[in-house]
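Student: Data file my_file36.pdb (PDB, C-alpha atoms, pLDDT in the B column) is appended below.
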ATOM      1  CA  MET A  19     -68.765 -28.852 -67.730  1.00 42.00           C
ATOM      2  CA  LEU A  20     -65.182 -27.727 -67.169  1.00 44.00           C
ATOM      3  CA  THR A  21     -65.480 -24.062 -68.156  1.00 45.00           C
ATOM      4  CA  ASN A  22     -65.123 -22.826 -64.562  1.00 48.00           C
ATOM      5  CA  PHE A  23     -61.657 -24.366 -64.303  1.00 53.00           C
ATOM      6  CA  ARG A  24     -60.081 -23.288 -67.611  1.00 59.00           C
ATOM      7  CA  ARG A  25     -58.761 -19.865 -66.685  1.00 63.00           C
ATOM      8  CA  PHE A  26     -55.075 -20.885 -66.755  1.00 66.00           C
ATOM      9  CA  GLN A  27     -55.485 -24.240 -68.469  1.00 64.00           C
ATOM     10  CA  SER A  28     -53.785 -23.218 -71.711  1.00 66.00           C
ATOM     11  CA  HIS A  29     -50.825 -21.526 -70.014  1.00 68.00           C
ATOM     12  CA  SER A  30     -47.661 -23.469 -70.938  1.00 64.00           C
ATOM     13  CA  GLY A  31     -46.200 -23.268 -67.426  1.00 72.00           C
ATOM     14  CA  PHE A  32     -49.382 -23.788 -65.394  1.00 73.00           C
ATOM     15  CA  VAL A  33     -48.987 -27.495 -64.608  1.00 70.00           C
ATOM     16  CA  VAL A  34     -45.252 -27.197 -63.930  1.00 75.00           C
ATOM     17  CA  THR A  35     -45.767 -24.189 -61.658  1.00 81.00           C
ATOM     18  CA  CYS A  36     -48.497 -25.959 -59.687  1.00 79.00           C
ATOM     19  CA  PHE A  37     -46.273 -28.998 -59.293  1.00 78.00           C
ATOM     20  CA  ASP A  38     -43.352 -26.881 -58.077  1.00 82.00           C
ATOM     21  CA  ILE A  39     -45.551 -25.023 -55.584  1.00 86.00           C
ATOM     22  CA  SER A  40     -46.995 -28.249 -54.162  1.00 83.00           C
ATOM     23  CA  ARG A  41     -43.541 -29.808 -53.898  1.00 82.00           C
ATOM     24  CA  ARG A  42     -42.123 -26.695 -52.232  1.00 85.00           C
ATOM     25  CA  ARG A  43     -44.973 -26.729 -49.724  1.00 86.00           C
ATOM     26  CA  HIS A  44     -44.352 -30.400 -49.040  1.00 82.00           C
ATOM     27  CA  ASN A  45     -40.614 -29.934 -48.493  1.00 82.00           C
ATOM     28  CA  LEU A  46     -41.174 -26.942 -46.197  1.00 84.00           C
ATOM     29  CA  SER A  47     -43.604 -28.922 -44.040  1.00 84.00           C
ATOM     30  CA  LYS A  48     -41.164 -31.833 -43.755  1.00 80.00           C
ATOM     31  CA  THR A  49     -38.310 -29.454 -42.941  1.00 80.00           C
ATOM     32  CA  HIS A  50     -40.474 -27.840 -40.273  1.00 80.00           C
ATOM     33  CA  LEU A  51     -40.966 -31.262 -38.667  1.00 78.00           C
ATOM     34  CA  GLN A  52     -37.201 -31.815 -38.675  1.00 77.00           C
ATOM     35  CA  THR A  53     -36.524 -28.505 -36.942  1.00 79.00           C
ATOM     36  CA  ASN A  54     -39.097 -29.258 -34.236  1.00 81.00           C
ATOM     37  CA  HIS A  55     -37.411 -32.438 -33.076  1.00 79.00           C
ATOM     38  CA  SER A  56     -36.093 -32.385 -29.527  1.00 80.00           C
ATOM     39  CA  ASN A  57     -32.533 -32.908 -30.769  1.00 79.00           C
ATOM     40  CA  TRP A  58     -32.645 -30.076 -33.328  1.00 83.00           C
ATOM     41  CA  SER A  59     -30.271 -27.836 -31.355  1.00 85.00           C
ATOM     42  CA  THR A  60     -27.596 -30.521 -31.559  1.00 85.00           C
ATOM     43  CA  THR A  61     -28.361 -31.232 -35.219  1.00 84.00           C
ATOM     44  CA  LYS A  62     -28.259 -27.538 -36.081  1.00 85.00           C
ATOM     45  CA  ALA A  63     -24.821 -27.149 -34.501  1.00 89.00           C
ATOM     46  CA  MET A  64     -23.615 -30.190 -36.427  1.00 87.00           C
ATOM     47  CA  ILE A  65     -24.832 -28.793 -39.777  1.00 86.00           C
ATOM     48  CA  GLU A  66     -23.342 -25.363 -39.083  1.00 89.00           C
ATOM     49  CA  SER A  67     -19.978 -26.972 -38.357  1.00 91.00           C
ATOM     50  CA  LEU A  68     -19.757 -28.318 -41.917  1.00 89.00           C
ATOM     51  CA  LYS A  69     -17.465 -26.392 -44.227  1.00 91.00           C
ATOM     52  CA  PRO A  70     -17.931 -25.932 -48.000  1.00 91.00           C
ATOM     53  CA  GLU A  71     -14.721 -27.796 -48.829  1.00 92.00           C
ATOM     54  CA  GLU A  72     -15.879 -30.762 -46.748  1.00 91.00           C
ATOM     55  CA  LEU A  73     -19.149 -30.939 -48.647  1.00 90.00           C
ATOM     56  CA  LEU A  74     -17.330 -30.643 -51.978  1.00 92.00           C
ATOM     57  CA  ASP A  75     -14.987 -33.454 -50.970  1.00 91.00           C
ATOM     58  CA  ALA A  76     -17.975 -35.632 -50.034  1.00 90.00           C
ATOM     59  CA  ALA A  77     -19.581 -34.877 -53.400  1.00 90.00           C
ATOM     60  CA  LYS A  78     -16.408 -35.954 -55.233  1.00 91.00           C
ATOM     61  CA  ARG A  79     -16.298 -39.164 -53.190  1.00 89.00           C
ATOM     62  CA  SER A  80     -19.906 -39.874 -54.065  1.00 87.00           C
ATOM     63  CA  GLU A  81     -19.273 -39.309 -57.776  1.00 88.00           C
ATOM     64  CA  SER A  82     -16.354 -41.764 -57.579  1.00 90.00           C
ATOM     65  CA  HIS A  83     -18.523 -44.289 -55.678  1.00 88.00           C
ATOM     66  CA  GLU A  84     -16.287 -44.007 -52.647  1.00 89.00           C
ATOM     67  CA  PRO A  85     -17.706 -44.240 -49.091  1.00 89.00           C
ATOM     68  CA  ILE A  86     -18.262 -41.019 -47.154  1.00 89.00           C
ATOM     69  CA  THR A  87     -16.462 -41.283 -43.816  1.00 88.00           C
ATOM     70  CA  ASP A  88     -17.504 -38.009 -42.170  1.00 89.00           C
ATOM     71  CA  SER A  89     -20.299 -38.889 -39.717  1.00 89.00           C
ATOM     72  CA  ARG A  90     -21.671 -35.336 -39.832  1.00 90.00           C
ATOM     73  CA  ILE A  91     -22.157 -35.426 -43.586  1.00 89.00           C
ATOM     74  CA  LYS A  92     -23.686 -38.899 -43.388  1.00 88.00           C
ATOM     75  CA  GLU A  93     -26.214 -37.670 -40.842  1.00 86.00           C
ATOM     76  CA  PHE A  94     -26.931 -34.585 -42.949  1.00 86.00           C
ATOM     77  CA  LEU A  95     -27.588 -36.760 -46.028  1.00 85.00           C
ATOM     78  CA  LYS A  96     -29.958 -38.916 -43.986  1.00 84.00           C
ATOM     79  CA  MET A  97     -31.993 -35.836 -43.139  1.00 83.00           C
ATOM     80  CA  VAL A  98     -32.148 -34.789 -46.782  1.00 82.00           C
ATOM     81  CA  SER A  99     -33.149 -38.317 -47.765  1.00 81.00           C
ATOM     82  CA  ARG A 100     -35.946 -38.411 -45.190  1.00 79.00           C
ATOM     83  CA  ILE A 101     -37.421 -35.258 -46.698  1.00 79.00           C
ATOM     84  CA  GLY A 102     -36.882 -36.350 -50.301  1.00 78.00           C
ATOM     85  CA  SER A 103     -38.276 -39.866 -49.859  1.00 77.00           C
ATOM     86  CA  THR A 104     -41.808 -38.461 -49.966  1.00 77.00           C
ATOM     87  CA  ALA A 105     -41.180 -35.556 -52.360  1.00 78.00           C
ATOM     88  CA  PRO A 106     -42.723 -36.187 -55.819  1.00 75.00           C
ATOM     89  CA  GLY A 107     -40.138 -36.518 -58.578  1.00 73.00           C
ATOM     90  CA  SER A 108     -37.080 -36.738 -56.313  1.00 78.00           C
ATOM     91  CA  ASP A 109     -34.410 -39.441 -56.616  1.00 79.00           C
ATOM     92  CA  GLU A 110     -35.161 -40.511 -53.048  1.00 79.00           C
ATOM     93  CA  LYS A 111     -38.838 -40.932 -53.918  1.00 80.00           C
ATOM     94  CA  LYS A 112     -37.964 -43.098 -56.924  1.00 80.00           C
ATOM     95  CA  SER A 113     -35.714 -45.225 -54.730  1.00 81.00           C
ATOM     96  CA  TYR A 114     -38.542 -45.561 -52.199  1.00 81.00           C
ATOM     97  CA  LEU A 115     -40.979 -46.620 -54.938  1.00 81.00           C
ATOM     98  CA  LEU A 116     -38.533 -49.271 -56.138  1.00 84.00           C
ATOM     99  CA  ALA A 117     -38.213 -50.676 -52.618  1.00 85.00           C
ATOM    100  CA  GLN A 118     -42.007 -50.600 -52.285  1.00 83.00           C
ATOM    101  CA  LEU A 119     -42.436 -52.543 -55.532  1.00 83.00           C
ATOM    102  CA  LYS A 120     -39.873 -55.139 -54.465  1.00 85.00           C
ATOM    103  CA  SER A 121     -41.662 -55.560 -51.137  1.00 87.00           C
ATOM    104  CA  ALA A 122     -44.982 -56.012 -52.951  1.00 84.00           C
ATOM    105  CA  MET A 123     -43.458 -58.771 -55.082  1.00 84.00           C
ATOM    106  CA  VAL A 124     -42.143 -60.527 -51.986  1.00 86.00           C
ATOM    107  CA  TYR A 125     -45.577 -60.365 -50.353  1.00 85.00           C
ATOM    108  CA  HIS A 126     -47.859 -60.962 -53.363  1.00 82.00           C
ATOM    109  CA  GLY A 127     -45.492 -62.860 -55.651  1.00 83.00           C
ATOM    110  CA  CYS A 128     -44.429 -61.906 -59.179  1.00 81.00           C
ATOM    111  CA  PRO A 129     -47.147 -60.045 -61.119  1.00 78.00           C
ATOM    112  CA  PHE A 130     -49.178 -62.010 -63.647  1.00 76.00           C
ATOM    113  CA  ILE A 131     -49.622 -59.099 -66.029  1.00 78.00           C
ATOM    114  CA  PHE A 132     -47.338 -56.251 -67.065  1.00 81.00           C
ATOM    115  CA  PHE A 133     -48.787 -53.626 -69.354  1.00 79.00           C
ATOM    116  CA  THR A 134     -48.355 -50.028 -70.499  1.00 81.00           C
ATOM    117  CA  ILE A 135     -51.296 -47.679 -71.007  1.00 79.00           C
ATOM    118  CA  ASN A 136     -50.850 -44.955 -73.598  1.00 80.00           C
ATOM    119  CA  PRO A 137     -54.066 -42.900 -73.454  1.00 79.00           C
ATOM    120  CA  GLY A 138     -53.432 -41.424 -76.912  1.00 78.00           C
ATOM    121  CA  GLU A 139     -54.822 -37.992 -76.137  1.00 79.00           C
ATOM    122  CA  ARG A 140     -54.025 -36.775 -79.654  1.00 76.00           C
ATOM    123  CA  HIS A 141     -56.539 -39.234 -81.131  1.00 77.00           C
ATOM    124  CA  SER A 142     -59.356 -39.131 -78.579  1.00 79.00           C
ATOM    125  CA  PRO A 143     -62.515 -37.019 -78.919  1.00 79.00           C
ATOM    126  CA  ILE A 144     -62.833 -37.145 -75.112  1.00 81.00           C
ATOM    127  CA  ALA A 145     -59.479 -35.343 -74.788  1.00 82.00           C
ATOM    128  CA  LEU A 146     -60.781 -32.604 -77.085  1.00 82.00           C
ATOM    129  CA  LEU A 147     -63.780 -32.247 -74.786  1.00 82.00           C
ATOM    130  CA  TYR A 148     -61.460 -31.809 -71.796  1.00 82.00           C
ATOM    131  CA  ALA A 149     -59.577 -29.160 -73.792  1.00 81.00           C
ATOM    132  CA  GLY A 150     -62.774 -27.120 -74.154  1.00 79.00           C
ATOM    133  CA  GLU A 151     -63.834 -28.045 -77.700  1.00 79.00           C
ATOM    134  CA  GLU A 152     -67.615 -27.936 -78.118  1.00 80.00           C
ATOM    135  CA  ILE A 153     -68.193 -31.373 -79.674  1.00 79.00           C
ATOM    136  CA  ASP A 154     -71.061 -33.852 -79.746  1.00 77.00           C
ATOM    137  CA  MET A 155     -69.732 -37.065 -78.214  1.00 72.00           C
ATOM    138  CA  GLU A 156     -72.505 -39.188 -79.740  1.00 76.00           C
ATOM    139  CA  ARG A 157     -72.143 -37.801 -83.259  1.00 78.00           C
ATOM    140  CA  PHE A 158     -68.474 -36.936 -83.342  1.00 75.00           C
ATOM    141  CA  ASN A 159     -66.912 -36.695 -86.791  1.00 75.00           C
ATOM    142  CA  PRO A 160     -63.139 -37.390 -86.621  1.00 72.00           C
ATOM    143  CA  ARG A 161     -62.600 -35.693 -89.991  1.00 74.00           C
ATOM    144  CA  SER A 162     -63.591 -32.360 -88.452  1.00 76.00           C
ATOM    145  CA  TYR A 163     -60.299 -32.273 -86.527  1.00 78.00           C
ATOM    146  CA  SER A 164     -57.033 -32.984 -88.327  1.00 81.00           C
ATOM    147  CA  SER A 165     -54.098 -34.644 -86.556  1.00 79.00           C
ATOM    148  CA  SER A 166     -52.150 -31.373 -86.527  1.00 82.00           C
ATOM    149  CA  HIS A 167     -55.134 -29.526 -85.020  1.00 81.00           C
ATOM    150  CA  ARG A 168     -55.499 -32.152 -82.276  1.00 80.00           C
ATOM    151  CA  LEU A 169     -51.787 -32.031 -81.503  1.00 78.00           C
ATOM    152  CA  LYS A 170     -51.786 -28.221 -81.243  1.00 80.00           C
ATOM    153  CA  THR A 171     -54.918 -28.339 -79.078  1.00 80.00           C
ATOM    154  CA  MET A 172     -53.315 -30.770 -76.638  1.00 80.00           C
ATOM    155  CA  LEU A 173     -50.043 -28.832 -76.500  1.00 77.00           C
ATOM    156  CA  ARG A 174     -51.992 -25.672 -75.693  1.00 79.00           C
ATOM    157  CA  ASN A 175     -53.898 -27.459 -72.908  1.00 80.00           C
ATOM    158  CA  PRO A 176     -51.497 -29.481 -70.711  1.00 77.00           C
ATOM    159  CA  LEU A 177     -54.039 -29.577 -67.881  1.00 79.00           C
ATOM    160  CA  ALA A 178     -56.556 -31.233 -70.202  1.00 81.00           C
ATOM    161  CA  VAL A 179     -54.005 -33.979 -70.932  1.00 82.00           C
ATOM    162  CA  VAL A 180     -53.446 -34.535 -67.212  1.00 81.00           C
ATOM    163  CA  GLU A 181     -57.179 -34.711 -66.443  1.00 84.00           C
ATOM    164  CA  TYR A 182     -57.884 -37.020 -69.375  1.00 86.00           C
ATOM    165  CA  PHE A 183     -54.981 -39.309 -68.471  1.00 86.00           C
ATOM    166  CA  HIS A 184     -55.946 -39.524 -64.786  1.00 86.00           C
ATOM    167  CA  ASN A 185     -59.621 -40.252 -65.430  1.00 88.00           C
ATOM    168  CA  LEU A 186     -58.952 -42.778 -68.189  1.00 87.00           C
ATOM    169  CA  VAL A 187     -56.437 -44.773 -66.142  1.00 86.00           C
ATOM    170  CA  ARG A 188     -58.686 -44.661 -63.068  1.00 87.00           C
ATOM    171  CA  THR A 189     -61.618 -45.930 -65.167  1.00 88.00           C
ATOM    172  CA  ILE A 190     -59.560 -48.817 -66.589  1.00 84.00           C
ATOM    173  CA  VAL A 191     -58.313 -49.874 -63.155  1.00 85.00           C
ATOM    174  CA  ASP A 192     -61.756 -49.639 -61.535  1.00 87.00           C
ATOM    175  CA  SER A 193     -63.779 -51.230 -64.322  1.00 86.00           C
ATOM    176  CA  CYS A 194     -61.399 -53.819 -65.788  1.00 83.00           C
ATOM    177  CA  PHE A 195     -59.090 -54.905 -62.992  1.00 81.00           C
ATOM    178  CA  LYS A 196     -61.074 -54.189 -59.855  1.00 83.00           C
ATOM    179  CA  GLY A 197     -64.203 -55.111 -61.772  1.00 81.00           C
ATOM    180  CA  GLY A 198     -63.015 -58.713 -62.088  1.00 78.00           C
ATOM    181  CA  MET A 199     -62.259 -59.014 -65.801  1.00 77.00           C
ATOM    182  CA  PHE A 200     -59.281 -61.277 -65.012  1.00 75.00           C
ATOM    183  CA  GLY A 201     -60.520 -62.625 -61.684  1.00 77.00           C
ATOM    184  CA  GLU A 202     -60.107 -61.247 -58.188  1.00 80.00           C
ATOM    185  CA  LEU A 203     -57.601 -58.386 -58.016  1.00 80.00           C
ATOM    186  CA  LEU A 204     -54.960 -59.040 -55.368  1.00 81.00           C
ATOM    187  CA  HIS A 205     -52.647 -56.110 -55.990  1.00 80.00           C
ATOM    188  CA  HIS A 206     -51.664 -53.561 -58.615  1.00 80.00           C
ATOM    189  CA  TYR A 207     -48.761 -51.139 -58.833  1.00 81.00           C
ATOM    190  CA  GLY A 208     -48.198 -48.430 -61.425  1.00 80.00           C
ATOM    191  CA  THR A 209     -45.609 -45.774 -62.242  1.00 78.00           C
ATOM    192  CA  ILE A 210     -46.041 -42.840 -64.605  1.00 77.00           C
ATOM    193  CA  GLU A 211     -43.527 -41.941 -67.293  1.00 72.00           C
ATOM    194  CA  TYR A 212     -43.506 -38.897 -69.558  1.00 65.00           C
ATOM    195  CA  GLN A 213     -42.381 -39.130 -73.176  1.00 57.00           C
ATOM    196  CA  GLY A 214     -42.204 -35.841 -75.014  1.00 52.00           C
ATOM    197  CA  ARG A 215     -43.622 -32.618 -73.641  1.00 50.00           C
ATOM    198  CA  PHE A 216     -46.919 -33.761 -72.109  1.00 52.00           C
ATOM    199  CA  THR A 217     -47.379 -37.392 -73.136  1.00 59.00           C
ATOM    200  CA  PRO A 218     -47.846 -39.533 -70.026  1.00 65.00           C
ATOM    201  CA  HIS A 219     -47.734 -43.336 -70.029  1.00 67.00           C
ATOM    202  CA  ILE A 220     -48.338 -45.612 -67.071  1.00 71.00           C
ATOM    203  CA  HIS A 221     -46.545 -48.915 -66.542  1.00 68.00           C
ATOM    204  CA  MET A 222     -48.498 -51.306 -64.345  1.00 71.00           C
ATOM    205  CA  ALA A 223     -47.849 -54.669 -62.683  1.00 72.00           C
ATOM    206  CA  VAL A 224     -50.969 -56.602 -61.710  1.00 77.00           C
ATOM    207  CA  ASN A 225     -51.507 -59.613 -59.468  1.00 75.00           C
ATOM    208  CA  HIS A 226     -54.769 -61.518 -60.029  1.00 67.00           C
ATOM    209  CA  SER A 227     -56.267 -64.636 -58.525  1.00 61.00           C
ATOM    210  CA  PHE A 228     -57.656 -66.304 -61.638  1.00 50.00           C
ATOM    211  CA  ILE A 229     -61.031 -68.028 -61.350  1.00 44.00           C
TER     212      ILE A 229
END
Go ahead and express the file in the form of structure tokens.

Tutor:
Amino acid sequence: MLTNFRRFQSHSGFVVTCFDISRRRHNLSKTHLQTNHSNWSTTKAMIESLKPEELLDAAKRSESHEPITDSRIKEFLKMVSRIGSTAPGSDEKKSYLLAQLKSAMVYHGCPFIFFTINPGERHSPIALLYAGEEIDMERFNPRSYSSSHRLKTMLRNPLAVVEYFHNLVRTIVDSCFKGGMFGELLHHYGTIEYQGRFTPHIHMAVNHSFI
């Protein structure tokens, strides 16, 4: 089922490298948009006028929670923030997500349900299937795979963990929440957190209209 996509699946740096490449591509495209603005010639001259000691001074002020007074540096930081606000994993993106969640609470009200999903890939036969183990899902014998074997299998296959996590969470959201288990779904918001090497959890806030 997944054999055509396993060529680099067990490589320890595959997922990280793919993430870095996608983020680099994203940042380059956003930077390209910045440099194509009509006022780029003025902005470019402003950035080139900045000196290293001025940037270092601004960094020290920021660390001390002091306001930055140089208008050039403030404008430069705005540009960086505009690019970073949509870059996965950046501080600006996290700040944007927080503002988005607050806005959702203002519009939809406080969530009715808060929960954390831990897919438990080390204990799931489905995760072993994603990792390439030839197992019979209908007649699976858990004793055939020790806990240490499952752990090593998952650590060797980070992409399998990602695929299993994504599909499991998507299935829960679609079948349980959007499916009406708690009533009509008004809104849901989730953030992913990693604990350990490749152990993702998702924290979700859900608004339902109970029937």

Student: Excluding region 69-75 of chain A and any residue of its chain fewer than 3 positions from it, enumerate the residues within 12 Å of it, using only C-alpha atoms, and give them as an NGL selection string.

Tutor: :A and (64-66 or 78-82 or 84-92 or 94-95)

Student: Determine the residue membership of the PyMOL selection byres ((chain A and resi 140) around 6) for the file above and supply it as JSON, numbers by chain.

Tutor: {"A": [138, 139, 141, 142, 168, 169]}

Student: Looking at all atoms listed in the file, which of A:Leu146, A:Leu203, A:Met222, A:Val124 is the one that sits closest to Ser164 (chain A)?

Tutor: A:Leu146

Student: Just the number, please: distance in Å from CA of Lys48 (chain A) to CA of Leu119 (chain A), one decimal.

Tutor: 23.9 Å

Student: Leaving out Ala122 (chain A) and any residue of its chain fewer than 2 positions from it, which residues lie within 12 Å of it when counting all atoms listed in the file, given as a list in words?

Tutor: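 Near neighbours after the sequence-gap exclusion: Leu115, Leu116, Ala117, Gln118, Leu119, Lys120, Val124, Tyr125, His126, Gly127, Cys128, Pro129, Leu204, His205, His206, Tyr207, Gly208, Ala223, Val224 and Asn225 of chain A.
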
Student: Can you measure CA of Ala145 (chain A) to CA of His184 (chain A) for me? One decimal in Å is fine.

Tutor: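 Rounded to one decimal, the two atoms are 11.4 Å apart.
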
Student: Selection in question (the file shown): the PyMOL selection byres ((chain A and resi 177-181) around 6). Which residues does it include, as a list in words?

Tutor: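 Here the PyMOL selection byres ((chain A and resi 177-181) around 6) matches Gln27, Tyr148, Ala149, Asn175, Pro176, Tyr182, Phe183 and His184 of chain A.
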
Student: Any chance you could export the current selection's C-alpha atoms as an mmCIF file, keeping the file's coordinate frame?

Tutor:
data_model
loop_
_atom_site.group_PDB
_atom_site.id
_atom_site.type_symbol
_atom_site.label_atom_id
_atom_site.label_comp_id
_atom_site.auth_asym_id
_atom_site.auth_seq_id
_atom_site.Cartn_x
_atom_site.Cartn_y
_atom_site.Cartn_z
ATOM 1 C CA GLN A 27 -55.485 -24.240 -68.469
ATOM 2 C CA TYR A 148 -61.460 -31.809 -71.796
ATOM 3 C CA ALA A 149 -59.577 -29.160 -73.792
ATOM 4 C CA ASN A 175 -53.898 -27.459 -72.908
ATOM 5 C CA PRO A 176 -51.497 -29.481 -70.711
ATOM 6 C CA TYR A 182 -57.884 -37.020 -69.375
ATOM 7 C CA PHE A 183 -54.981 -39.309 -68.471
ATOM 8 C CA HIS A 184 -55.946 -39.524 -64.786
#

Student: Quick one: of A:Asp192, A:Glu151, A:Glu156, A:Asp38, who's nearest to Ala105 (chain A), counting all atoms listed in the file?

Tutor: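 The answer is A:Asp38, which sits nearest to Ala105 (chain A).
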
Student: To one decimal place in Å, what is the distance between CA of Ser108 (chain A) and CA of Phe133 (chain A)?

Tutor: 24.3 Å

Student: Residues within 12 Å of (-40.2, -39.3, -55.3), file coordinates, counting all atoms listed in the file: what are they? Give the list as a list in words.

Tutor: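 Residues with an atom at most 12 Å from (-40.2, -39.3, -55.3): Arg41, His44, Asn45, Ser99, Arg100, Ile101, Gly102, Ser103, Thr104, Ala105, Pro106, Gly107, Ser108, Asp109, Glu110, Lys111, Lys112, Ser113, Tyr114, Leu115, Leu116, Ala117, Gln118, Thr209 and Ile210 of chain A.
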
Student: Can region 143-164 of chain A be brought up to N, CA and C atoms and written out as a compact mmCIF listing (two decimals), keeping the file's coordinate frame?

Tutor:
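File out_2.txt, as written:
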# COMPACT_ATOMS: atom_id res chain seq x y z
N PRO A 143 -61.56 -38.12 -78.98
CA PRO A 143 -62.52 -37.02 -78.92
C PRO A 143 -62.78 -36.58 -77.49
N ILE A 144 -62.62 -37.50 -76.51
CA ILE A 144 -62.83 -37.15 -75.11
C ILE A 144 -61.78 -36.12 -74.67
N ALA A 145 -60.54 -36.30 -75.14
CA ALA A 145 -59.48 -35.34 -74.79
C ALA A 145 -59.80 -33.96 -75.33
N LEU A 146 -60.38 -33.90 -76.53
CA LEU A 146 -60.78 -32.60 -77.08
C LEU A 146 -61.85 -31.95 -76.22
N LEU A 147 -62.74 -32.78 -75.67
CA LEU A 147 -63.78 -32.25 -74.79
C LEU A 147 -63.16 -31.66 -73.53
N TYR A 148 -62.16 -32.33 -72.97
CA TYR A 148 -61.46 -31.81 -71.80
C TYR A 148 -60.75 -30.50 -72.13
N ALA A 149 -60.30 -30.37 -73.38
CA ALA A 149 -59.58 -29.16 -73.79
C ALA A 149 -60.51 -28.00 -74.09
N GLY A 150 -61.83 -28.22 -73.98
CA GLY A 150 -62.77 -27.12 -74.15
C GLY A 150 -63.44 -27.05 -75.51
N GLU A 151 -63.18 -28.04 -76.39
CA GLU A 151 -63.83 -28.04 -77.70
C GLU A 151 -65.31 -28.42 -77.54
N GLU A 152 -66.18 -27.66 -78.17
CA GLU A 152 -67.61 -27.94 -78.12
C GLU A 152 -67.95 -29.00 -79.16
N ILE A 153 -67.93 -30.28 -78.74
CA ILE A 153 -68.19 -31.37 -79.67
C ILE A 153 -69.34 -32.23 -79.16
N ASP A 154 -69.99 -32.92 -80.09
CA ASP A 154 -71.06 -33.85 -79.75
C ASP A 154 -70.45 -35.24 -79.63
N MET A 155 -70.39 -35.78 -78.43
CA MET A 155 -69.73 -37.06 -78.21
C MET A 155 -70.44 -38.20 -78.94
N GLU A 156 -71.75 -38.11 -79.11
CA GLU A 156 -72.50 -39.19 -79.74
C GLU A 156 -72.45 -39.12 -81.27
N ARG A 157 -72.19 -37.95 -81.80
CA ARG A 157 -72.14 -37.80 -83.26
C ARG A 157 -70.84 -37.15 -83.70
N PHE A 158 -69.78 -37.55 -83.07
CA PHE A 158 -68.47 -36.94 -83.34
C PHE A 158 -67.95 -37.38 -84.71
N ASN A 159 -67.49 -36.42 -85.48
CA ASN A 159 -66.91 -36.70 -86.79
C ASN A 159 -65.41 -36.46 -86.73
N PRO A 160 -64.60 -37.54 -86.74
CA PRO A 160 -63.14 -37.39 -86.62
C PRO A 160 -62.53 -36.51 -87.71
N ARG A 161 -63.16 -36.46 -88.89
CA ARG A 161 -62.60 -35.69 -89.99
C ARG A 161 -62.68 -34.19 -89.74
N SER A 162 -63.46 -33.79 -88.75
CA SER A 162 -63.59 -32.36 -88.45
C SER A 162 -62.35 -31.80 -87.77
N TYR A 163 -61.50 -32.69 -87.26
CA TYR A 163 -60.30 -32.27 -86.53
C TYR A 163 -59.10 -33.04 -87.08
N SER A 164 -58.23 -32.34 -87.77
CA SER A 164 -57.03 -32.98 -88.33
C SER A 164 -56.06 -33.37 -87.22
